[in-house]
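Have a look at the structure below, then the notes.
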Amino acid sequence: MRVSQNLIPTLKEVPAEADTISHQLLLRAGMLRRVAAGIYTLLPLGYRVVEKIKQIVREEMNNAGGVELLLPIIQPAEIWHEAGRWDVYGHEMFRLQDRHERNFCLGPTHEEIITDLIRQEVKSYRQLPLLLYQIQNKYRDERRPRFGLMRGREFIMKDLYSFDRDESGLETSYQKMYNAYSRIFSRCGLSFRIVEADPGAIGGSDTHEFMVLADTGEAEIVFCSVCDYAANVEKAPCQPRTSPSAGEFKPLKLVSTPGVRTVQEVAAFLGVEPQVILKTLFYYADSELIAVLVRGDRAVNETKAKNLLGATQLEIASEAEITRQFKIPIGYAGPPGLKERAPVKIIADYEVKDLINAVAGANQPDHHYLNVNLGRDYEVDTLGDLRIAEEGDLCPKCGAPLHLKRGIEVGQIFKLGVKYSKALGATILDETGKEIPIIMGCYGIGITRTMAAAVEQRHDENGIIWPVSLAPYEAVVIPISHRDSLQVKFAEEIYQNLLAHGIDVIYDDRPERAGVKFKDADLIGYPVRLVVGNRAVSENLVEIKWRASGEIILKEKEEAINYLKNNLNKLRKGE
Ligand SMILES: [Zn+2]
């Protein structure tokens, strides 16, 4: 490929619309253009990256026994009604009507459609197991599409669905996908972690997320410094880090704290540590008012609170609502006497039990209590693990300290069980002729998201640093002077030679200054840059520069080809 024949509109300036590194760099490197909010065109270079990710995914899915098919983007409402999700999906679903006013949606996911297929075509246990997958566009009408490809309204996913006759079959399918996903992200040359995650609203039991590590990632994960334990902070169980203190209960004391509301303000005003303050937060769990108590230095884990309450929805109560219910200004709520002001269920984190002589809001304006004690001054309905795991919490597997990192979720595997097969009546007959529901799993990889995550993880101030396996081209050839016919002839030869040896190379033959081409090469992030200058003509020497390490090597032309062939071959496998 010649740059002069391609469309690679690189930009010098950072576009104002771009809110993350990957979004900025993919726009600047001429790989992506915005069409509407959350909707993008992949330009030729960006498309090549996506195709390379798809190819790796496809190979590993096929190796694991997956079979590819293609389900429709447009899905009829009836099947969604049958599974009970048409109404609950809400505004995230793009809905449309045909000329006969029949309802359809643009598929946000494909569980319904594929279960419908299977219930019609699979009748016997002999036809299972099946692993069916597709690589397809998905549509979600995000309220606030942002971060470029990271949270778009149209995106490309690989989704595989497993169909088994029993739990042990599901376990085998799940393990196959777990291993295939590990190989995929290794081959993509990305640093990632596999974490235990919360099943959330999809229903089901086991689930793992594949997280590409990046400081800019929106998800927080904890992982063990010793064993292989890793989990989403939402999922990681927390042991109390307090020990029950044997201190005596001091008498409850009302103190004036005018205008002092937040934990930080109270701590500073009273000269106490945040961990002796009782933080009281209010939520609605499926319309029931709930107070959640945690130590002042901890954060409430809403997922754990929701699970503990067995609620389907948990929403933070508004300031106005709290004032209306309890007749107290926000910031002065505390557990003593709270239940007398309004009906409220109080749940508390385990650590609260060990707090002796705590500080809490006094349920009256501008006042707090000192020496608040559970059992004497207030009761709670339930104690549980309600906080978010932090750096230094202990590994639930081996007890070593956990570390915190940020990541970007690029894949998730999920044991669905019989949720969809039961709802849609996808059953088989077993050996005894008994009708049983098929056991399902679903397994997704965000293809376009993986591309963005790779950029978030691998870039510097000059641009993207693609892993060889994902790069739009593995190498770029640049003659220093496009006017020097000997240099051009030499560059052309080495370009043809690289092509002949199976190296994925692009030739920057534009009539531009070398400096412009160097800048573009760094911005786009080709792993290897070959520069043909005067020494090429006089001494047969080519300059090879590795984008990732910055290492520069001079090689004779023939030697250069072999050197690159060997090194790129290793790097293509993600080594
Ligand atoms: Zn551990």
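Going by the structure tokens order, chains are called A, B, ..., each with residues numbered from 1, while ligands are numbered from 1 in the order shown.
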Within 7 Å of ligand 1 (only C-alpha atoms and all ligand atoms), residues as a PyMOL selection string: chain A and resi 224-229+395-400
Near-Gln275 in chain A list (7 Å; only C-alpha atoms; drop same-chain fewer than 4 positions) as a short mmCIF file (atom, residue, chain, number, x, y, z; two decimals) with C-alpha atoms, in the first residue's frame:
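Here's the written file out-v4.cif:
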```
data_model
loop_
_atom_site.label_atom_id
_atom_site.label_comp_id
_atom_site.auth_asym_id
_atom_site.auth_seq_id
_atom_site.Cartn_x
_atom_site.Cartn_y
_atom_site.Cartn_z
CA ARG A 295 -17.13 4.30 58.20
CA GLY A 296 -16.38 7.90 57.18
CA ASP A 297 -13.29 6.89 55.19
#
```
Distance of CA of Arg146 in chain A from CA of Met61 in chain A, expressed in Å to one decimal place: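 Spanning CA of Met61 in chain A to CA of Arg146 in chain A is a straight-line distance of 29.8 Å.
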Selection near range 364-373 of chain A, 10 Å with only C-alpha atoms, sequence-local residues under 5 positions removed, as a short mmCIF file (atom, residue, chain, number, x, y, z; two decimals) with N, CA and C atoms, in the first residue's frame:
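Output saved as part12.cif:
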```cif
data_model
loop_
_atom_site.label_atom_id
_atom_site.label_comp_id
_atom_site.auth_asym_id
_atom_site.auth_seq_id
_atom_site.Cartn_x
_atom_site.Cartn_y
_atom_site.Cartn_z
N GLU A 248 -14.51 1.52 76.57
CA GLU A 248 -15.79 1.68 77.27
C GLU A 248 -16.66 2.70 76.53
N PHE A 249 -17.99 2.48 76.58
CA PHE A 249 -18.90 3.45 76.00
C PHE A 249 -18.88 4.72 76.84
N LYS A 250 -18.55 5.83 76.18
CA LYS A 250 -18.62 7.11 76.89
C LYS A 250 -20.03 7.67 76.74
N PRO A 251 -20.44 8.61 77.60
CA PRO A 251 -21.79 9.14 77.50
C PRO A 251 -22.02 9.91 76.19
N LEU A 252 -23.20 9.69 75.60
CA LEU A 252 -23.58 10.39 74.37
C LEU A 252 -23.56 11.90 74.61
N LYS A 253 -22.98 12.62 73.64
CA LYS A 253 -22.83 14.06 73.88
C LYS A 253 -23.21 14.83 72.60
N LEU A 254 -24.09 15.81 72.73
CA LEU A 254 -24.51 16.64 71.60
C LEU A 254 -23.54 17.82 71.48
N VAL A 255 -22.98 18.02 70.28
CA VAL A 255 -22.09 19.16 70.09
C VAL A 255 -22.57 20.00 68.92
N SER A 256 -22.27 21.30 69.00
CA SER A 256 -22.67 22.21 67.94
C SER A 256 -21.64 22.16 66.82
N THR A 257 -22.12 21.98 65.58
CA THR A 257 -21.22 21.92 64.41
C THR A 257 -21.81 22.78 63.31
N PRO A 258 -21.86 24.09 63.50
CA PRO A 258 -22.56 24.95 62.53
C PRO A 258 -21.93 24.91 61.13
N GLY A 259 -22.74 24.64 60.15
CA GLY A 259 -22.30 24.66 58.75
C GLY A 259 -21.33 23.54 58.37
N VAL A 260 -21.18 22.57 59.27
CA VAL A 260 -20.21 21.49 59.04
C VAL A 260 -20.98 20.24 58.62
N ARG A 261 -20.78 19.81 57.38
CA ARG A 261 -21.65 18.76 56.85
C ARG A 261 -20.90 17.52 56.39
N VAL A 266 -16.43 17.64 59.13
CA VAL A 266 -16.65 17.22 60.52
C VAL A 266 -15.33 16.80 61.16
N LEU A 270 -13.96 18.85 64.35
CA LEU A 270 -13.91 18.21 65.67
C LEU A 270 -12.52 17.65 66.01
N VAL A 276 -13.58 7.42 62.47
CA VAL A 276 -14.47 7.30 63.64
C VAL A 276 -15.81 7.98 63.39
N ILE A 277 -15.97 8.49 62.17
CA ILE A 277 -17.25 9.13 61.83
C ILE A 277 -18.15 8.10 61.15
N LEU A 278 -19.41 8.11 61.52
CA LEU A 278 -20.41 7.24 60.88
C LEU A 278 -21.01 7.99 59.71
N PHE A 326 -37.21 13.32 56.54
CA PHE A 326 -36.67 13.36 57.91
C PHE A 326 -36.73 14.75 58.54
N LYS A 327 -37.08 15.75 57.73
CA LYS A 327 -37.12 17.13 58.22
C LYS A 327 -35.78 17.57 58.80
N ILE A 328 -34.70 17.12 58.15
CA ILE A 328 -33.38 17.57 58.59
C ILE A 328 -32.56 17.95 57.36
N PRO A 329 -31.70 18.95 57.51
CA PRO A 329 -30.87 19.31 56.36
C PRO A 329 -29.84 18.21 56.09
N ILE A 330 -29.46 18.07 54.85
CA ILE A 330 -28.50 17.04 54.46
C ILE A 330 -27.17 17.27 55.19
N GLY A 331 -26.54 16.21 55.58
CA GLY A 331 -25.26 16.33 56.28
C GLY A 331 -25.40 16.17 57.78
N TYR A 332 -26.64 16.23 58.29
CA TYR A 332 -26.81 16.11 59.75
C TYR A 332 -27.60 14.87 60.15
N ALA A 333 -27.71 13.92 59.21
CA ALA A 333 -28.42 12.69 59.53
C ALA A 333 -27.48 11.72 60.25
N GLY A 334 -28.05 10.97 61.17
CA GLY A 334 -27.27 9.95 61.86
C GLY A 334 -28.22 8.91 62.39
N PRO A 335 -27.72 7.72 62.74
CA PRO A 335 -28.64 6.64 63.13
C PRO A 335 -29.40 6.85 64.44
N PRO A 336 -28.86 7.54 65.49
CA PRO A 336 -29.64 7.63 66.72
C PRO A 336 -30.94 8.41 66.51
N VAL A 352 -18.88 -1.09 60.99
CA VAL A 352 -19.63 -0.18 61.86
C VAL A 352 -19.82 -0.80 63.24
N LYS A 353 -19.95 -2.14 63.25
CA LYS A 353 -20.14 -2.89 64.50
C LYS A 353 -18.97 -2.63 65.46
N ASP A 354 -17.79 -2.44 64.92
CA ASP A 354 -16.59 -2.30 65.75
C ASP A 354 -16.27 -0.85 66.10
N LEU A 355 -17.12 0.07 65.64
CA LEU A 355 -16.86 1.48 65.93
C LEU A 355 -17.35 1.83 67.33
N ILE A 356 -16.43 2.17 68.21
CA ILE A 356 -16.78 2.56 69.58
C ILE A 356 -16.67 4.08 69.69
N ASN A 357 -17.65 4.69 70.30
CA ASN A 357 -17.66 6.13 70.52
C ASN A 357 -17.47 6.92 69.21
N ALA A 358 -18.35 6.62 68.28
CA ALA A 358 -18.26 7.24 66.96
C ALA A 358 -18.91 8.63 66.95
N VAL A 359 -18.64 9.34 65.86
CA VAL A 359 -19.28 10.65 65.63
C VAL A 359 -20.37 10.44 64.58
N TYR A 378 -28.44 3.17 68.98
CA TYR A 378 -29.22 2.85 67.77
C TYR A 378 -29.08 1.37 67.47
N GLU A 379 -30.01 0.88 66.65
CA GLU A 379 -29.95 -0.50 66.19
C GLU A 379 -29.89 -0.49 64.66
#
```
Range 84-97 of chain A environment, 7 Å, only C-alpha atoms, sequence neighbours closer than 3 positions dropped, as a PyMOL selection string: chain A and resi 77+80-81+101-106+108+139-142
If you keep N, CA, C and O atoms, can you produce a file of those selected residues as a tab-separated table (two decimals), in the first residue's frame?
```
chain	number	residue	atom	x	y	z
A	77	ALA	N	-40.15	-7.03	17.59
A	77	ALA	CA	-40.49	-6.81	19.00
A	77	ALA	C	-41.05	-8.06	19.66
A	77	ALA	O	-40.84	-8.28	20.86
A	80	TRP	N	-38.82	-10.14	21.80
A	80	TRP	CA	-38.41	-9.42	23.01
A	80	TRP	C	-39.53	-9.41	24.04
A	80	TRP	O	-39.30	-9.50	25.24
A	81	HIS	N	-40.77	-9.29	23.55
A	81	HIS	CA	-41.92	-9.36	24.45
A	81	HIS	C	-41.96	-10.73	25.12
A	81	HIS	O	-42.18	-10.85	26.32
A	101	GLU	N	-46.44	-0.58	10.52
A	101	GLU	CA	-46.47	-0.20	11.92
A	101	GLU	C	-46.18	-1.36	12.86
A	101	GLU	O	-46.67	-1.42	14.00
A	102	ARG	N	-45.39	-2.30	12.39
A	102	ARG	CA	-44.91	-3.35	13.29
A	102	ARG	C	-43.64	-2.84	13.97
A	102	ARG	O	-42.83	-2.15	13.36
A	103	ASN	N	-43.50	-3.22	15.24
A	103	ASN	CA	-42.35	-2.74	16.02
A	103	ASN	C	-41.12	-3.62	15.86
A	103	ASN	O	-41.21	-4.85	15.84
A	104	PHE	N	-40.00	-2.94	15.76
A	104	PHE	CA	-38.70	-3.61	15.68
A	104	PHE	C	-37.69	-2.84	16.55
A	104	PHE	O	-37.96	-1.72	16.98
A	105	CYS	N	-36.54	-3.47	16.78
A	105	CYS	CA	-35.44	-2.71	17.40
A	105	CYS	C	-34.15	-3.01	16.65
A	105	CYS	O	-34.07	-3.99	15.89
A	106	LEU	N	-33.18	-2.12	16.83
A	106	LEU	CA	-31.83	-2.41	16.36
A	106	LEU	C	-31.16	-3.17	17.50
A	106	LEU	O	-31.09	-2.66	18.62
A	108	PRO	N	-29.56	-4.54	20.51
A	108	PRO	CA	-28.55	-4.16	21.49
A	108	PRO	C	-27.75	-5.39	21.94
A	108	PRO	O	-26.66	-5.29	22.49
A	139	TYR	N	-26.31	-1.93	18.86
A	139	TYR	CA	-26.83	-0.57	18.99
A	139	TYR	C	-27.36	-0.30	20.39
A	139	TYR	O	-28.19	-1.07	20.89
A	140	ARG	N	-26.85	0.74	21.03
A	140	ARG	CA	-27.39	1.14	22.32
A	140	ARG	C	-27.48	2.66	22.35
A	140	ARG	O	-26.49	3.35	22.14
A	141	ASP	N	-28.69	3.13	22.61
A	141	ASP	CA	-28.91	4.58	22.56
A	141	ASP	C	-28.51	5.19	23.91
A	141	ASP	O	-29.35	5.55	24.72
A	142	GLU	N	-27.20	5.28	24.12
A	142	GLU	CA	-26.66	5.83	25.37
A	142	GLU	C	-27.17	7.25	25.56
A	142	GLU	O	-27.26	8.02	24.62
```
What are the closest atom pairs, with distances in Å to one decimal, for all residues of range 74-145 of chain A lying within 12 Å of range 41-58 of chain A? Consider only C-alpha atoms, order rows by chain and residue number, and present the result as JSON lines.
```
{"residue": "A:Leu132", "atom": "CA", "partner": "A:Arg58", "partner_atom": "CA", "distance": 11.6}
{"residue": "A:Tyr133", "atom": "CA", "partner": "A:Arg58", "partner_atom": "CA", "distance": 9.1}
{"residue": "A:Gln134", "atom": "CA", "partner": "A:Arg58", "partner_atom": "CA", "distance": 9.0}
{"residue": "A:Ile135", "atom": "CA", "partner": "A:Lys54", "partner_atom": "CA", "distance": 7.6}
{"residue": "A:Gln136", "atom": "CA", "partner": "A:Lys54", "partner_atom": "CA", "distance": 10.3}
```
Expected file: the selected residues, N, CA, C and O atoms, as a PDB file, in the first residue's frame:
```pdb
ATOM      1  N   LEU A 132     -22.132 -21.086  19.126  1.00  0.00           N
ATOM      2  CA  LEU A 132     -22.396 -20.288  17.927  1.00  0.00           C
ATOM      3  C   LEU A 132     -21.998 -18.842  18.182  1.00  0.00           C
ATOM      4  O   LEU A 132     -22.286 -18.293  19.243  1.00  0.00           O
ATOM      5  N   TYR A 133     -21.326 -18.248  17.197  1.00  0.00           N
ATOM      6  CA  TYR A 133     -20.927 -16.854  17.408  1.00  0.00           C
ATOM      7  C   TYR A 133     -21.085 -16.038  16.143  1.00  0.00           C
ATOM      8  O   TYR A 133     -21.217 -16.562  15.043  1.00  0.00           O
ATOM      9  N   GLN A 134     -21.083 -14.726  16.358  1.00  0.00           N
ATOM     10  CA  GLN A 134     -21.106 -13.794  15.240  1.00  0.00           C
ATOM     11  C   GLN A 134     -20.243 -12.582  15.604  1.00  0.00           C
ATOM     12  O   GLN A 134     -19.954 -12.331  16.775  1.00  0.00           O
ATOM     13  N   ILE A 135     -19.837 -11.865  14.569  1.00  0.00           N
ATOM     14  CA  ILE A 135     -19.178 -10.572  14.772  1.00  0.00           C
ATOM     15  C   ILE A 135     -20.082  -9.571  14.082  1.00  0.00           C
ATOM     16  O   ILE A 135     -20.295  -9.647  12.869  1.00  0.00           O
ATOM     17  N   GLN A 136     -20.653  -8.682  14.866  1.00  0.00           N
ATOM     18  CA  GLN A 136     -21.822  -7.939  14.393  1.00  0.00           C
ATOM     19  C   GLN A 136     -21.897  -6.558  15.047  1.00  0.00           C
ATOM     20  O   GLN A 136     -21.367  -6.374  16.144  1.00  0.00           O
TER      21      GLN A 136
END
```
For Gly66 in chain A, the nearest of the candidates A:Lys405, A:Lys176, A:Arg193, A:His501, counting only C-alpha atoms: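 Of all the options, A:Lys176 lies closest to Gly66 in chain A.
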Residue set, range 308-451 of chain A restricted to strand (DSSP E), as a PyMOL selection string: chain A and resi 314-316+345-349+358-361+367-372+382-384+402-417+427-429+435-437+439-446
May I have the residues from that selection written out with N, CA and C atoms, as a compact mmCIF listing (two decimals), in the first residue's frame?
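The new file part-v2.txt reads:
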```
# COMPACT_ATOMS: atom_id res chain seq x y z
N LEU A 314 -31.51 0.13 42.88
CA LEU A 314 -31.08 0.91 44.03
C LEU A 314 -30.69 2.29 43.52
N GLU A 315 -31.37 3.30 44.03
CA GLU A 315 -31.07 4.66 43.58
C GLU A 315 -30.81 5.55 44.77
N ILE A 316 -29.82 6.42 44.64
CA ILE A 316 -29.53 7.33 45.73
C ILE A 316 -30.71 8.29 45.90
N LYS A 345 -35.25 1.60 56.76
CA LYS A 345 -34.49 0.40 57.10
C LYS A 345 -33.03 0.80 57.18
N ILE A 346 -32.34 0.38 58.25
CA ILE A 346 -30.92 0.75 58.40
C ILE A 346 -30.06 -0.49 58.18
N ILE A 347 -29.16 -0.39 57.20
CA ILE A 347 -28.19 -1.47 57.01
C ILE A 347 -26.80 -0.88 57.20
N ALA A 348 -25.88 -1.68 57.74
CA ALA A 348 -24.57 -1.14 58.08
C ALA A 348 -23.47 -2.10 57.66
N ASP A 349 -22.35 -1.53 57.29
CA ASP A 349 -21.19 -2.35 56.96
C ASP A 349 -20.64 -2.99 58.24
N ALA A 358 -18.35 6.62 68.28
CA ALA A 358 -18.26 7.24 66.96
C ALA A 358 -18.91 8.63 66.95
N VAL A 359 -18.64 9.34 65.86
CA VAL A 359 -19.28 10.65 65.63
C VAL A 359 -20.37 10.44 64.58
N ALA A 360 -21.56 11.02 64.81
CA ALA A 360 -22.62 10.88 63.82
C ALA A 360 -23.50 12.12 63.84
N GLY A 361 -24.21 12.34 62.74
CA GLY A 361 -25.17 13.45 62.68
C GLY A 361 -26.23 13.27 63.75
N HIS A 367 -25.80 20.21 64.30
CA HIS A 367 -25.36 19.45 65.47
C HIS A 367 -24.95 18.02 65.11
N HIS A 368 -23.95 17.53 65.83
CA HIS A 368 -23.53 16.13 65.75
C HIS A 368 -23.50 15.54 67.16
N TYR A 369 -23.51 14.21 67.19
CA TYR A 369 -23.31 13.50 68.46
C TYR A 369 -21.89 12.98 68.53
N LEU A 370 -21.33 13.02 69.73
CA LEU A 370 -20.08 12.28 70.00
C LEU A 370 -20.47 11.02 70.77
N ASN A 371 -19.60 10.03 70.71
CA ASN A 371 -19.74 8.79 71.51
C ASN A 371 -21.02 8.02 71.18
N VAL A 372 -21.28 7.89 69.87
CA VAL A 372 -22.43 7.11 69.41
C VAL A 372 -22.04 5.63 69.39
N THR A 382 -29.71 -4.82 59.47
CA THR A 382 -28.82 -5.84 58.93
C THR A 382 -27.39 -5.33 58.89
N LEU A 383 -26.46 -6.22 59.24
CA LEU A 383 -25.04 -5.93 59.04
C LEU A 383 -24.58 -6.72 57.82
N GLY A 384 -23.69 -6.17 57.05
CA GLY A 384 -23.21 -6.91 55.89
C GLY A 384 -21.97 -6.26 55.32
N LEU A 402 -4.24 -6.63 48.81
CA LEU A 402 -4.72 -6.42 47.43
C LEU A 402 -4.20 -5.09 46.91
N HIS A 403 -3.94 -5.05 45.61
CA HIS A 403 -3.57 -3.80 44.95
C HIS A 403 -4.72 -3.33 44.08
N LEU A 404 -4.74 -2.03 43.84
CA LEU A 404 -5.82 -1.43 43.06
C LEU A 404 -5.25 -0.95 41.72
N LYS A 405 -5.96 -1.24 40.64
CA LYS A 405 -5.58 -0.70 39.34
C LYS A 405 -6.83 -0.35 38.57
N ARG A 406 -6.65 0.47 37.55
CA ARG A 406 -7.78 0.81 36.69
C ARG A 406 -7.70 0.00 35.40
N GLY A 407 -8.86 -0.29 34.86
CA GLY A 407 -8.88 -1.07 33.63
C GLY A 407 -10.07 -0.73 32.76
N ILE A 408 -10.03 -1.26 31.55
CA ILE A 408 -11.12 -1.08 30.60
C ILE A 408 -11.66 -2.46 30.28
N GLU A 409 -12.95 -2.64 30.48
CA GLU A 409 -13.54 -3.95 30.22
C GLU A 409 -13.65 -4.16 28.72
N VAL A 410 -13.01 -5.21 28.22
CA VAL A 410 -13.07 -5.49 26.78
C VAL A 410 -13.79 -6.80 26.48
N GLY A 411 -13.95 -7.63 27.51
CA GLY A 411 -14.66 -8.89 27.28
C GLY A 411 -15.33 -9.35 28.54
N GLN A 412 -16.40 -10.12 28.38
CA GLN A 412 -17.07 -10.69 29.54
C GLN A 412 -17.62 -12.05 29.17
N ILE A 413 -17.46 -13.00 30.07
CA ILE A 413 -18.04 -14.33 29.86
C ILE A 413 -19.02 -14.58 30.99
N PHE A 414 -20.09 -15.30 30.67
CA PHE A 414 -21.25 -15.29 31.55
C PHE A 414 -22.02 -16.60 31.49
N LYS A 415 -22.26 -17.18 32.66
CA LYS A 415 -23.12 -18.37 32.70
C LYS A 415 -24.58 -17.92 32.83
N LEU A 416 -25.34 -18.06 31.77
CA LEU A 416 -26.73 -17.61 31.80
C LEU A 416 -27.65 -18.61 32.45
N GLY A 417 -27.29 -19.89 32.36
CA GLY A 417 -28.20 -20.92 32.89
C GLY A 417 -29.42 -21.07 32.00
N THR A 427 -36.15 -26.15 24.64
CA THR A 427 -35.94 -27.40 25.40
C THR A 427 -35.44 -28.51 24.49
N ILE A 428 -34.87 -29.53 25.13
CA ILE A 428 -34.46 -30.73 24.38
C ILE A 428 -35.01 -31.95 25.10
N LEU A 429 -34.98 -33.07 24.41
CA LEU A 429 -35.33 -34.33 25.06
C LEU A 429 -34.03 -35.04 25.43
N GLU A 435 -38.26 -33.86 28.75
CA GLU A 435 -38.02 -32.53 28.18
C GLU A 435 -37.32 -31.65 29.20
N ILE A 436 -36.13 -31.14 28.84
CA ILE A 436 -35.38 -30.29 29.78
C ILE A 436 -34.94 -29.00 29.08
N PRO A 437 -34.84 -27.89 29.84
CA PRO A 437 -34.39 -26.64 29.21
C PRO A 437 -32.89 -26.69 28.90
N ILE A 439 -29.14 -25.35 28.73
CA ILE A 439 -28.34 -24.49 29.61
C ILE A 439 -27.46 -23.60 28.73
N MET A 440 -27.53 -22.30 28.97
CA MET A 440 -26.84 -21.36 28.08
C MET A 440 -25.74 -20.56 28.76
N GLY A 441 -24.81 -20.10 27.94
CA GLY A 441 -23.80 -19.14 28.38
C GLY A 441 -23.65 -18.09 27.30
N CYS A 442 -23.21 -16.89 27.65
CA CYS A 442 -22.94 -15.90 26.60
C CYS A 442 -21.58 -15.25 26.86
N TYR A 443 -20.93 -14.88 25.77
CA TYR A 443 -19.52 -14.52 25.84
C TYR A 443 -19.25 -13.39 24.85
N GLY A 444 -18.96 -12.19 25.34
CA GLY A 444 -18.81 -11.05 24.44
C GLY A 444 -17.41 -10.45 24.44
N ILE A 445 -17.03 -9.93 23.29
CA ILE A 445 -15.81 -9.12 23.20
C ILE A 445 -16.16 -7.85 22.43
N GLY A 446 -15.85 -6.71 23.00
CA GLY A 446 -16.04 -5.45 22.29
C GLY A 446 -14.86 -5.25 21.35
```
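The gap separating CA of Glu456 in chain A from CA of Tyr563 in chain A is 29.4 Å, in Å to one decimal.
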Spatial neighbours of Met1 in chain A, 9 Å, only C-alpha atoms, chain gap at least 4 places, as number ranges by chain: A: 5-6, 504-508
Computed interatomic separation between CA of Ser124 in chain A and CA of Gln175 in chain A (Å):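 One can read the CA of Ser124 in chain A to CA of Gln175 in chain A distance as 23.4 Å.
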Backbone-only DSSP, alpha helix (DSSP H) members of range 119-344 of chain A, as a PyMOL selection string: chain A and resi 119-121+167-187+263-270+302-309+319-326+338-341
Best match for closeness to Ala514 in chain A among A:Pro401, A:Pro479, A:Pro15, A:Pro527, counting only C-alpha atoms: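 Distance minimum relative to Ala514 in chain A lands on A:Pro479.
Of the residues under consideration (A:Val476, A:Ala37, A:Ile290, A:Ile114), A:Val476 shows the shortest atom-to-atom contact distance to Ala491 in chain A when counting only C-alpha atoms.
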Shell around Val516 in chain A at 12 Å using only C-alpha atoms, local window under 5 positions removed, as a list in words: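 Close residues of Val516 in chain A: Thr10, Leu11, Lys12, Ile478, Pro479, Ile480, Ser481, Asp508, Arg510, Pro511, Ala521, Asp522 and Leu523 of chain A.
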Please produce an output containing C-alpha atoms for each residue in the selection, written as a PDB file, in the first residue's frame.
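Wrote result.pdb, looks like this:
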```pdb
ATOM      1  CA  THR A  10      -3.876  13.058  10.118  1.00  0.00           C
ATOM      2  CA  LEU A  11      -4.513  16.126  12.264  1.00  0.00           C
ATOM      3  CA  LYS A  12      -2.007  18.390  14.022  1.00  0.00           C
ATOM      4  CA  ILE A 478      10.140   6.530   4.190  1.00  0.00           C
ATOM      5  CA  PRO A 479      12.702   7.994   1.740  1.00  0.00           C
ATOM      6  CA  ILE A 480      14.360  11.099   3.244  1.00  0.00           C
ATOM      7  CA  SER A 481      14.125  12.993  -0.043  1.00  0.00           C
ATOM      8  CA  ASP A 508       5.064   6.777   2.340  1.00  0.00           C
ATOM      9  CA  ARG A 510       3.964  11.450  -0.691  1.00  0.00           C
ATOM     10  CA  PRO A 511       5.840  14.519  -1.977  1.00  0.00           C
ATOM     11  CA  ALA A 521       4.542   7.603  11.388  1.00  0.00           C
ATOM     12  CA  ASP A 522       4.876   8.204  15.138  1.00  0.00           C
ATOM     13  CA  LEU A 523       1.322   9.475  15.453  1.00  0.00           C
TER      14      LEU A 523
END
```
What are the closest atom pairs, with distances in Å to one decimal, for all residues of range 447-468 of chain A lying within 12 Å of range 534-547 of chain A? Consider only C-alpha atoms, order rows by chain and residue number, and present the result as CSV.
```
residue,atom,partner,partner_atom,distance
A:Arg458,CA,A:Arg547,CA,10.9
A:His459,CA,A:Arg547,CA,10.1
A:Asp460,CA,A:Arg547,CA,10.1
A:Asn462,CA,A:Arg547,CA,10.1
A:Gly463,CA,A:Arg547,CA,9.8
A:Ile464,CA,A:Arg547,CA,9.0
A:Ile465,CA,A:Arg547,CA,6.5
A:Trp466,CA,A:Arg547,CA,8.5
A:Pro467,CA,A:Arg547,CA,9.7
A:Val468,CA,A:Arg547,CA,10.3
```
